[in-house]
>>> print(open('structure.cif').read())   # mmCIF, C-alpha atoms and all ligand atoms
data_coords
loop_
_atom_site.group_PDB
_atom_site.id
_atom_site.type_symbol
_atom_site.label_atom_id
_atom_site.label_comp_id
_atom_site.auth_asym_id
_atom_site.auth_seq_id
_atom_site.Cartn_x
_atom_site.Cartn_y
_atom_site.Cartn_z
ATOM 1 C CA MET D 1 9.802 146.122 97.325
ATOM 2 C CA TYR D 2 11.068 142.672 96.384
ATOM 3 C CA GLN D 3 9.606 141.098 93.253
ATOM 4 C CA ASN D 4 10.093 137.626 91.852
ATOM 5 C CA LEU D 5 13.125 136.847 93.913
ATOM 6 C CA VAL D 6 14.797 133.501 93.616
ATOM 7 C CA ARG D 7 15.835 131.558 96.707
ATOM 8 C CA LYS D 8 19.487 132.358 96.217
ATOM 9 C CA GLU D 9 18.864 136.088 96.296
ATOM 10 C CA VAL D 10 16.724 135.880 99.413
ATOM 11 C CA MET D 11 19.358 133.795 101.166
ATOM 12 C CA GLY D 12 21.914 136.400 100.053
ATOM 13 C CA ILE D 13 19.876 139.225 101.603
ATOM 14 C CA LEU D 14 19.601 137.349 104.905
ATOM 15 C CA GLU D 15 23.208 136.211 104.807
ATOM 16 C CA LYS D 16 24.345 139.719 105.715
ATOM 17 C CA GLU D 17 22.741 139.152 109.116
ATOM 18 C CA VAL D 18 24.263 135.748 109.882
ATOM 19 C CA GLY D 19 26.836 137.339 112.235
ATOM 20 C CA SER D 20 24.018 138.743 114.348
ATOM 21 C CA PHE D 21 22.115 135.415 114.213
ATOM 22 C CA LEU D 22 25.191 133.682 115.625
ATOM 23 C CA ASP D 23 25.405 136.208 118.466
ATOM 24 C CA LYS D 24 21.717 136.060 119.204
ATOM 25 C CA PHE D 25 20.915 132.362 118.930
ATOM 26 C CA LEU D 26 24.127 130.424 119.532
ATOM 27 C CA THR D 27 26.545 130.487 122.456
ATOM 28 C CA PRO D 28 30.316 131.011 122.170
ATOM 29 C CA ILE D 29 32.205 127.712 122.394
ATOM 30 C CA GLU D 30 34.143 128.530 125.541
ATOM 31 C CA LYS D 31 31.028 129.691 127.366
ATOM 32 C CA ILE D 32 28.616 126.907 126.455
ATOM 33 C CA TRP D 33 28.266 123.739 128.566
ATOM 34 C CA GLN D 34 30.137 120.608 127.551
ATOM 35 C CA PRO D 35 29.148 116.972 128.196
ATOM 36 C CA SER D 36 31.844 116.557 130.878
ATOM 37 C CA ASP D 37 30.188 119.287 132.944
ATOM 38 C CA TYR D 38 27.319 116.866 133.611
ATOM 39 C CA LEU D 39 29.084 113.507 133.647
ATOM 40 C CA PRO D 40 30.901 111.975 136.625
ATOM 41 C CA ASP D 41 34.646 112.467 136.600
ATOM 42 C CA PRO D 42 36.435 109.071 136.501
ATOM 43 C CA SER D 43 39.472 110.564 138.282
ATOM 44 C CA SER D 44 37.362 111.700 141.229
ATOM 45 C CA ASP D 45 36.970 109.761 144.490
ATOM 46 C CA ASP D 46 33.212 110.139 144.104
ATOM 47 C CA PHE D 47 33.153 108.381 140.750
ATOM 48 C CA LYS D 48 32.032 105.016 142.050
ATOM 49 C CA TYR D 49 29.194 106.596 144.043
ATOM 50 C CA ASP D 50 28.078 108.652 141.063
ATOM 51 C CA LEU D 51 28.200 105.557 138.902
ATOM 52 C CA GLU D 52 26.142 103.609 141.370
ATOM 53 C CA GLU D 53 23.554 106.382 141.488
ATOM 54 C CA ILE D 54 23.346 106.481 137.679
ATOM 55 C CA GLN D 55 23.011 102.706 137.442
ATOM 56 C CA THR D 56 20.375 102.423 140.156
ATOM 57 C CA PHE D 57 18.133 105.038 138.544
ATOM 58 C CA ALA D 58 18.637 103.543 135.082
ATOM 59 C CA ARG D 59 17.532 100.113 136.310
ATOM 60 C CA GLU D 60 14.357 101.642 137.714
ATOM 61 C CA MET D 61 13.394 103.620 134.615
ATOM 62 C CA PRO D 62 10.181 102.431 132.924
ATOM 63 C CA TYR D 63 10.932 100.466 129.747
ATOM 64 C CA ASP D 64 9.166 102.808 127.295
ATOM 65 C CA LEU D 65 10.847 105.869 128.748
ATOM 66 C CA PHE D 66 14.215 104.164 128.700
ATOM 67 C CA VAL D 67 14.006 103.152 125.011
ATOM 68 C CA THR D 68 12.739 106.630 124.146
ATOM 69 C CA LEU D 69 15.830 108.093 125.763
ATOM 70 C CA ILE D 70 18.033 105.698 123.787
ATOM 71 C CA GLY D 71 16.228 106.540 120.530
ATOM 72 C CA ASP D 72 16.627 110.258 121.249
ATOM 73 C CA CYS D 73 20.315 109.693 121.844
ATOM 74 C CA ILE D 74 20.727 107.832 118.538
ATOM 75 C CA THR D 75 18.834 110.580 116.700
ATOM 76 C CA GLU D 76 21.225 113.141 118.179
ATOM 77 C CA GLU D 77 24.262 111.010 117.429
ATOM 78 C CA ALA D 78 23.387 110.913 113.720
ATOM 79 C CA LEU D 79 22.560 114.608 113.542
ATOM 80 C CA PRO D 80 26.024 116.024 112.811
ATOM 81 C CA SER D 81 25.996 114.001 109.575
ATOM 82 C CA TYR D 82 23.115 116.213 108.322
ATOM 83 C CA GLU D 83 25.636 119.002 107.968
ATOM 84 C CA SER D 84 26.608 117.544 104.610
ATOM 85 C CA TRP D 85 22.979 117.830 103.456
ATOM 86 C CA LEU D 86 22.554 121.417 104.633
ATOM 87 C CA MET D 87 25.770 122.512 102.954
ATOM 88 C CA GLY D 88 24.149 121.597 99.631
ATOM 89 C CA VAL D 89 21.022 123.707 100.220
ATOM 90 C CA GLU D 90 20.492 126.512 97.720
ATOM 91 C CA GLY D 91 22.085 129.756 98.882
ATOM 92 C CA ILE D 92 24.594 128.060 101.191
ATOM 93 C CA ASN D 93 28.143 128.211 99.966
ATOM 94 C CA GLN D 94 30.603 125.999 101.751
ATOM 95 C CA GLU D 95 33.542 127.938 100.414
ATOM 96 C CA GLU D 96 32.379 131.292 101.758
ATOM 97 C CA LYS D 97 35.128 133.713 102.594
ATOM 98 C CA THR D 98 33.309 135.815 105.194
ATOM 99 C CA VAL D 99 30.800 134.816 107.873
ATOM 100 C CA GLY D 100 27.768 133.436 106.075
ATOM 101 C CA TRP D 101 25.278 130.572 106.042
ATOM 102 C CA ALA D 102 27.935 127.858 105.972
ATOM 103 C CA HIS D 103 29.305 129.335 109.169
ATOM 104 C CA TRP D 104 25.852 129.119 110.742
ATOM 105 C CA VAL D 105 25.513 125.470 109.686
ATOM 106 C CA ARG D 106 28.906 124.551 111.165
ATOM 107 C CA ALA D 107 28.327 126.431 114.417
ATOM 108 C CA TRP D 108 24.854 124.904 114.857
ATOM 109 C CA THR D 109 26.158 121.412 114.091
ATOM 110 C CA GLY D 110 28.906 121.937 116.663
ATOM 111 C CA GLU D 111 26.309 122.718 119.311
ATOM 112 C CA GLU D 112 24.202 119.721 118.308
ATOM 113 C CA ASN D 113 27.149 117.346 118.461
ATOM 114 C CA ARG D 114 27.289 117.783 122.251
ATOM 115 C CA HIS D 115 23.790 116.358 122.656
ATOM 116 C CA GLY D 116 24.510 112.887 121.307
ATOM 117 C CA ASP D 117 27.872 112.965 123.017
ATOM 118 C CA LEU D 118 26.391 113.619 126.464
ATOM 119 C CA LEU D 119 23.547 111.122 126.139
ATOM 120 C CA SER D 120 25.669 108.319 124.735
ATOM 121 C CA LYS D 121 28.228 108.665 127.524
ATOM 122 C CA TYR D 122 25.415 108.562 130.035
ATOM 123 C CA LEU D 123 23.992 105.434 128.402
ATOM 124 C CA TYR D 124 27.419 103.794 128.371
ATOM 125 C CA LEU D 125 27.765 104.369 132.116
ATOM 126 C CA CYS D 126 24.232 103.372 133.049
ATOM 127 C CA GLY D 127 24.855 99.639 132.688
ATOM 128 C CA ARG D 128 21.441 98.800 131.258
ATOM 129 C CA VAL D 129 22.284 99.268 127.598
ATOM 130 C CA ASN D 130 23.675 96.942 124.988
ATOM 131 C CA MET D 131 26.010 99.583 123.615
ATOM 132 C CA ARG D 132 27.021 97.527 120.610
ATOM 133 C CA GLU D 133 23.405 97.371 119.426
ATOM 134 C CA VAL D 134 22.990 101.114 119.989
ATOM 135 C CA GLU D 135 26.142 101.763 118.004
ATOM 136 C CA VAL D 136 24.944 99.516 115.187
ATOM 137 C CA THR D 137 21.652 101.477 115.003
ATOM 138 C CA THR D 138 23.558 104.769 114.928
ATOM 139 C CA GLN D 139 25.858 103.587 112.161
ATOM 140 C CA TYR D 140 22.890 102.283 110.159
ATOM 141 C CA LEU D 141 21.060 105.574 110.603
ATOM 142 C CA ILE D 142 23.965 107.532 109.170
ATOM 143 C CA ASN D 143 24.446 104.903 106.481
ATOM 144 C CA ASP D 144 20.763 104.787 105.439
ATOM 145 C CA GLY D 145 20.382 108.562 105.205
ATOM 146 C CA PHE D 146 16.966 110.199 105.133
ATOM 147 C CA ASP D 147 14.419 111.892 102.948
ATOM 148 C CA LEU D 148 12.976 114.853 104.761
ATOM 149 C CA GLY D 149 10.944 116.104 101.805
ATOM 150 C CA THR D 150 12.770 119.435 101.777
ATOM 151 C CA SER D 151 14.863 118.902 98.624
ATOM 152 C CA MET D 152 17.620 121.532 98.484
ATOM 153 C CA ASP D 153 15.164 124.342 99.146
ATOM 154 C CA PRO D 154 16.183 126.649 102.028
ATOM 155 C CA TYR D 155 12.530 127.618 102.715
ATOM 156 C CA ARG D 156 11.446 123.993 103.141
ATOM 157 C CA ASN D 157 14.564 123.236 105.188
ATOM 158 C CA PHE D 158 13.844 126.130 107.559
ATOM 159 C CA VAL D 159 10.249 124.968 108.015
ATOM 160 C CA TYR D 160 11.596 121.516 108.777
ATOM 161 C CA THR D 161 14.207 122.689 111.269
ATOM 162 C CA SER D 162 11.714 125.061 112.975
ATOM 163 C CA PHE D 163 9.414 122.099 113.476
ATOM 164 C CA GLN D 164 12.126 119.653 114.469
ATOM 165 C CA GLU D 165 13.917 121.865 116.964
ATOM 166 C CA THR D 166 10.588 122.477 118.682
ATOM 167 C CA ALA D 167 9.858 118.735 118.705
ATOM 168 C CA THR D 168 13.264 117.879 120.189
ATOM 169 C CA ASN D 169 12.823 120.594 122.813
ATOM 170 C CA ILE D 170 9.539 118.985 123.881
ATOM 171 C CA SER D 171 10.914 115.489 123.908
ATOM 172 C CA HIS D 172 14.125 116.186 125.888
ATOM 173 C CA ARG D 173 12.196 118.405 128.289
ATOM 174 C CA ARG D 174 9.645 115.668 128.984
ATOM 175 C CA VAL D 175 12.289 112.982 129.565
ATOM 176 C CA GLY D 176 13.946 115.444 131.967
ATOM 177 C CA THR D 177 10.703 116.097 133.823
ATOM 178 C CA LEU D 178 9.919 112.396 134.167
ATOM 179 C CA ALA D 179 13.482 111.731 135.347
ATOM 180 C CA LYS D 180 13.172 114.492 137.931
ATOM 181 C CA GLN D 181 9.872 113.094 139.214
ATOM 182 C CA SER D 182 11.591 109.785 139.897
ATOM 183 C CA GLY D 183 14.414 111.515 141.772
ATOM 184 C CA ASN D 184 16.952 111.098 138.964
ATOM 185 C CA GLY D 185 18.449 114.563 139.251
ATOM 186 C CA LYS D 186 21.529 113.863 137.124
ATOM 187 C CA LEU D 187 19.579 112.748 134.054
ATOM 188 C CA ALA D 188 17.019 115.525 134.585
ATOM 189 C CA LYS D 189 19.814 118.102 134.427
ATOM 190 C CA MET D 190 21.310 116.565 131.274
ATOM 191 C CA CYS D 191 17.980 116.568 129.457
ATOM 192 C CA GLY D 192 17.247 120.062 130.736
ATOM 193 C CA VAL D 193 20.399 121.609 129.292
ATOM 194 C CA ILE D 194 19.876 119.852 125.962
ATOM 195 C CA ALA D 195 16.247 121.026 125.837
ATOM 196 C CA ALA D 196 17.388 124.604 126.486
ATOM 197 C CA ASP D 197 19.731 124.404 123.467
ATOM 198 C CA GLU D 198 16.898 123.106 121.301
ATOM 199 C CA ALA D 199 14.704 126.011 122.409
ATOM 200 C CA ARG D 200 17.354 128.509 121.231
ATOM 201 C CA HIS D 201 17.698 126.662 117.944
ATOM 202 C CA ALA D 202 13.934 126.617 117.410
ATOM 203 C CA LYS D 203 13.870 130.380 117.968
ATOM 204 C CA ALA D 204 16.566 130.849 115.351
ATOM 205 C CA TYR D 205 14.911 128.834 112.596
ATOM 206 C CA LYS D 206 11.512 130.380 113.309
ATOM 207 C CA HIS D 207 13.173 133.777 113.029
ATOM 208 C CA PHE D 208 14.658 132.890 109.622
ATOM 209 C CA VAL D 209 11.222 131.885 108.318
ATOM 210 C CA ALA D 210 9.676 135.074 109.746
ATOM 211 C CA LYS D 211 12.306 137.107 107.877
ATOM 212 C CA ILE D 212 11.640 135.265 104.626
ATOM 213 C CA LEU D 213 7.900 135.855 105.060
ATOM 214 C CA GLU D 214 8.637 139.593 104.961
ATOM 215 C CA ILE D 215 10.693 139.332 101.789
ATOM 216 C CA ASP D 216 9.054 136.548 99.806
ATOM 217 C CA PRO D 217 5.700 135.764 101.479
ATOM 218 C CA SER D 218 3.961 133.773 98.729
ATOM 219 C CA GLU D 219 6.833 131.391 98.127
ATOM 220 C CA MET D 220 7.433 130.951 101.854
ATOM 221 C CA ILE D 221 3.792 130.056 102.477
ATOM 222 C CA LEU D 222 3.770 127.641 99.550
ATOM 223 C CA ALA D 223 6.873 125.932 100.948
ATOM 224 C CA PHE D 224 5.230 125.669 104.381
ATOM 225 C CA GLU D 225 2.075 124.210 102.840
ATOM 226 C CA ASP D 226 4.076 121.671 100.842
ATOM 227 C CA MET D 227 5.947 120.483 103.939
ATOM 228 C CA MET D 228 2.737 120.079 105.909
ATOM 229 C CA ARG D 229 0.969 118.231 103.093
ATOM 230 C CA LYS D 230 3.857 115.771 103.013
ATOM 231 C CA LYS D 231 3.833 115.632 106.830
ATOM 232 C CA ILE D 232 6.976 116.315 108.785
ATOM 233 C CA VAL D 233 8.907 113.080 109.086
ATOM 234 C CA MET D 234 11.250 112.650 112.003
ATOM 235 C CA PRO D 235 14.961 112.615 111.187
ATOM 236 C CA ALA D 236 15.254 109.046 112.508
ATOM 237 C CA HIS D 237 12.466 107.637 110.330
ATOM 238 C CA MET D 238 14.919 105.202 108.733
ATOM 239 C CA MET D 239 15.891 103.735 112.102
ATOM 240 C CA ARG D 240 16.561 99.997 112.357
ATOM 241 C CA GLN D 241 18.305 97.587 114.702
ATOM 242 C CA SER D 242 20.601 94.744 113.702
ATOM 243 C CA GLY D 243 18.938 92.170 111.459
ATOM 244 C CA GLN D 244 16.225 94.576 110.304
ATOM 245 C CA ALA D 245 15.571 96.491 107.094
ATOM 246 C CA ALA D 246 15.892 100.291 107.037
ATOM 247 C CA GLY D 247 12.974 102.002 108.803
ATOM 248 C CA GLU D 248 11.664 98.849 110.506
ATOM 249 C CA LEU D 249 12.352 100.050 114.037
ATOM 250 C CA TRP D 250 10.904 103.531 113.673
ATOM 251 C CA GLU D 251 7.293 102.786 114.550
ATOM 252 C CA HIS D 252 8.235 100.832 117.668
ATOM 253 C CA PHE D 253 10.347 103.740 118.886
ATOM 254 C CA SER D 254 7.598 106.212 118.069
ATOM 255 C CA ASP D 255 4.971 104.058 119.859
ATOM 256 C CA ALA D 256 7.171 103.883 122.960
ATOM 257 C CA ALA D 257 7.546 107.699 122.925
ATOM 258 C CA GLN D 258 3.752 108.052 122.611
ATOM 259 C CA ARG D 259 3.062 105.598 125.430
ATOM 260 C CA CYS D 260 5.305 107.403 127.906
ATOM 261 C CA MET D 261 3.928 110.754 126.650
ATOM 262 C CA VAL D 262 7.347 112.080 125.701
ATOM 263 C CA TYR D 263 6.283 112.916 122.152
ATOM 264 C CA THR D 264 2.729 112.388 120.904
ATOM 265 C CA GLY D 265 0.444 113.071 117.958
ATOM 266 C CA GLN D 266 -1.014 115.910 120.005
ATOM 267 C CA ASP D 267 2.436 117.485 120.194
ATOM 268 C CA TYR D 268 2.593 117.438 116.390
ATOM 269 C CA ILE D 269 -0.657 119.437 116.231
ATOM 270 C CA ASN D 270 0.465 121.812 118.973
ATOM 271 C CA ILE D 271 3.722 122.537 117.149
ATOM 272 C CA MET D 272 1.747 123.211 113.972
ATOM 273 C CA LYS D 273 -0.459 125.692 115.852
ATOM 274 C CA ASP D 274 2.573 127.277 117.449
ATOM 275 C CA LEU D 275 4.177 127.849 114.037
ATOM 276 C CA LEU D 276 0.968 129.341 112.606
ATOM 277 C CA ASP D 277 0.850 131.778 115.553
ATOM 278 C CA GLU D 278 4.539 132.546 115.544
ATOM 279 C CA TRP D 279 4.564 133.413 111.839
ATOM 280 C CA LYS D 280 1.124 135.091 111.992
ATOM 281 C CA ILE D 281 0.196 133.091 108.908
ATOM 282 C CA GLU D 282 -3.414 134.216 109.075
ATOM 283 C CA HIS D 283 -2.411 137.845 108.631
ATOM 284 C CA VAL D 284 0.230 137.552 105.909
ATOM 285 C CA LYS D 285 -0.729 139.960 103.131
ATOM 286 C CA GLY D 286 0.238 140.504 99.511
ATOM 287 C CA LEU D 287 -0.075 136.862 98.517
ATOM 288 C CA THR D 288 -0.642 135.394 95.073
ATOM 289 C CA GLU D 289 -3.887 133.538 94.515
ATOM 290 C CA LYS D 290 -2.130 130.201 94.866
ATOM 291 C CA ALA D 291 -0.461 131.273 98.116
ATOM 292 C CA GLU D 292 -3.799 132.473 99.491
ATOM 293 C CA LYS D 293 -5.165 128.980 98.954
ATOM 294 C CA ALA D 294 -2.130 127.551 100.759
ATOM 295 C CA GLN D 295 -2.719 129.996 103.622
ATOM 296 C CA GLU D 296 -6.307 128.774 103.892
ATOM 297 C CA TYR D 297 -5.186 125.135 103.866
ATOM 298 C CA LEU D 298 -2.631 125.794 106.614
ATOM 299 C CA MET D 299 -5.094 127.604 108.850
ATOM 300 C CA LYS D 300 -7.552 124.714 108.668
ATOM 301 C CA LEU D 301 -4.973 121.995 109.142
ATOM 302 C CA PRO D 302 -4.790 121.794 112.979
ATOM 303 C CA ALA D 303 -8.539 121.102 113.237
ATOM 304 C CA ARG D 304 -8.331 118.435 110.514
ATOM 305 C CA LEU D 305 -5.360 116.773 112.192
ATOM 306 C CA GLN D 306 -7.137 116.880 115.531
ATOM 307 C CA LYS D 307 -10.001 114.793 114.164
ATOM 308 C CA ILE D 308 -7.592 112.191 112.819
ATOM 309 C CA THR D 309 -5.440 112.104 115.977
ATOM 310 C CA ASP D 310 -8.467 111.680 118.224
ATOM 311 C CA ARG D 311 -9.290 108.478 116.353
ATOM 312 C CA ILE D 312 -5.807 106.930 116.515
ATOM 313 C CA SER D 313 -4.803 104.783 119.445
ATOM 314 C CA THR D 314 -1.257 103.706 120.267
ATOM 315 C CA PRO D 315 -0.636 99.940 120.422
ATOM 316 C CA ASP D 316 -0.164 98.669 123.970
ATOM 317 C CA LEU D 317 2.220 95.970 122.964
ATOM 318 C CA GLN D 318 5.798 96.565 124.003
ATOM 319 C CA PHE D 319 8.443 95.670 121.487
ATOM 320 C CA GLN D 320 11.701 94.142 122.700
ATOM 321 C CA PHE D 321 14.529 96.430 121.624
ATOM 322 C CA LYS D 322 17.967 94.893 121.313
ATOM 323 C CA TRP D 323 19.325 98.131 122.787
ATOM 324 C CA VAL D 324 18.235 97.166 126.286
ATOM 325 C CA LYS D 325 20.098 94.558 128.283
ATOM 326 C CA SER D 326 17.775 91.876 129.548
HETATM 327 FE FE FE Z 401 19.886 118.199 119.517
HETATM 328 FE FE FE Z 402 18.805 121.546 118.095
#
>>> encode(input="structure.cif", output="structure tokens", more="lines below")
Ligand SMILES: [Fe+2]
Ligand SMILES: [Fe+2]
Amino acid sequence: MYQNLVRKEVMGILEKEVGSFLDKFLTPIEKIWQPSDYLPDPSSDDFKYDLEEIQTFAREMPYDLFVTLIGDCITEEALPSYESWLMGVEGINQEEKTVGWAHWVRAWTGEENRHGDLLSKYLYLCGRVNMREVEVTTQYLINDGFDLGTSMDPYRNFVYTSFQETATNISHRRVGTLAKQSGNGKLAKMCGVIAADEARHAKAYKHFVAKILEIDPSEMILAFEDMMRKKIVMPAHMMRQSGQAAGELWEHFSDAAQRCMVYTGQDYINIMKDLLDEWKIEHVKGLTEKAEKAQEYLMKLPARLQKITDRISTPDLQFQFKWVKS
């Protein structure tokens, strides 16, 4: 039915459904949770007890898990700044007059903004964090920007966000589970509600890709292949702390997340498999010769990655982050 469509046209076809995407995958502002719902109320008589509880649990948190939580918070804090990138993606018009893609981007960013807000307020209260250093990292992260390998292509961006939302769901969920196991119910709840948002977001972006696969399968598969060949980089890959060059802190943060099993190389492979299943890549028909080759590459990728991952070990050495008060 559709032949030789350009990205802009495909985005235009889908744009008619943005209203229903908003209803299905996002939550109305006055119904969704807000950070204050999960933070102690300073005007309450219980505040000092709540604070003491938060501080006691924070002191007892294992170092790797604690820095992973801080890194996750910083990643979330910088996220609203990506709105400016997404507004430039082909087929997204910031000056739209009716509900369209720009509306989706704003509404999604609004939901995301609550994540960094909640976590950073928690970290401020917990008494174990050098907030100035955390704030410096956040400012650097926004300042340094990122290169996600998507260019201004909506197909590549949707592959990226499908992957990323799934990864953040895993990582917040795991921090929540570990917090719960240690009896830290407050933090477990916070991470749980954030993880639930990420799960909705992942569903949305996966749905967009599934729709595009129906309309423009060859180009969508080629975009997916290209993103996987480049490897999905995390949005905080340029992370640094004071005194460092851009990107210097990233590996230490990533190693800490691997050591406490909050986000691992195995998760990367599992997400890849999940996306292949979700989009039924194996069964996509009507592909060009080039796209068929990409399909083959994608289907073989999890096994190839597994071999590599099995050989990699995470360094045991703990790095001293300036974020944590000694
Ligand atoms: Fe988030
Ligand atoms: Fe999200």
>>> resolve_selection(input="structure.cif", expression="the PyMOL selection byres (((not hetatm)) within 7 of (chain Z and resi 401))", output="list of chain:residue names")
D:Glu76, D:Glu112, D:His115, D:Thr168, D:Ile194, D:Glu198
>>> closest_residue(input="structure.cif", among="D:Lys293, D:Leu213, D:Phe208, D:Thr137", to="D:Ala236", atoms="all atoms listed in the file")
D:Thr137
>>> residues_near_ligand(input="structure.cif", ligand="ligand FE 402 (chain Z)", cutoff="8 Å", atoms="all atoms listed in the file", output="VMD selection string")
chain D and resid 108 111 to 112 164 to 165 168 to 169 197 to 202
>>> atom_distance(input="structure.cif", atom1="atom CA of D:Val284", atom2="atom CA of D:Ala223")
14.3 Å
>>> resolve_selection(input="structure.cif", expression="the PyMOL selection byres (((chain D and resi 136) around 12) and not hetatm)", output="list in words")
Ile74, Glu77, Ala78, Asn130, Met131, Arg132, Glu133, Val134, Glu135, Thr137, Thr138, Gln139, Tyr140, Leu141, Ile142, Asn143, Asp144, Met239, Arg240, Gln241, Ser242, Gly243, Gln244, Lys322 and Trp323 of chain D
>>> resolve_selection(input="structure.cif", expression="the PyMOL selection byres (((chain D and resi 301-307) around 12) and not hetatm)", output="ChimeraX atom specification")
/D:224-225,228-229,231,265-277,294-300,308-312
>>> atom_distance(input="structure.cif", atom1="atom CA of D:Leu118", atom2="atom CA of D:Thr27")
17.3 Å
>>> residues_around(input="structure.cif", residues="D:Thr98", least_positions_apart="4", cutoff="10 Å", atoms="all atoms listed in the file", output="ChimeraX atom specification")
/D:16,19,102-103
>>> axis_aligned_box(input="structure.cif", around="stretch 208-212 of chain D", padding_each_side="4 Å", output="JSON")
{"center_x": 12.2, "center_y": 134.5, "center_z": 107.2, "size_x": 13.0, "size_y": 13.2, "size_z": 13.1}
>>> atom_distance(input="structure.cif", atom1="atom CA of D:Met152", atom2="atom CA of D:Phe25")
23.4 Å
>>> residues_around(input="structure.cif", residues="D:Ile212", least_positions_apart="6", cutoff="9 Å", atoms="only C-alpha atoms", output="PDB file with C-alpha atoms, keeping the file's coordinate frame")
ATOM      1  CA  VAL D  10      16.724 135.880  99.413  1.00  0.00           C
ATOM      2  CA  MET D  11      19.358 133.795 101.166  1.00  0.00           C
ATOM      3  CA  LEU D  14      19.601 137.349 104.905  1.00  0.00           C
ATOM      4  CA  TYR D 155      12.530 127.618 102.715  1.00  0.00           C
ATOM      5  CA  GLU D 219       6.833 131.391  98.127  1.00  0.00           C
ATOM      6  CA  MET D 220       7.433 130.951 101.854  1.00  0.00           C
TER       7      MET D 220
END
>>> residues_around(input="structure.cif", residues="D:Gln320", least_positions_apart="4", cutoff="10 Å", atoms="only C-alpha atoms", output="ChimeraX atom specification")
/D:63,67,252,324,326
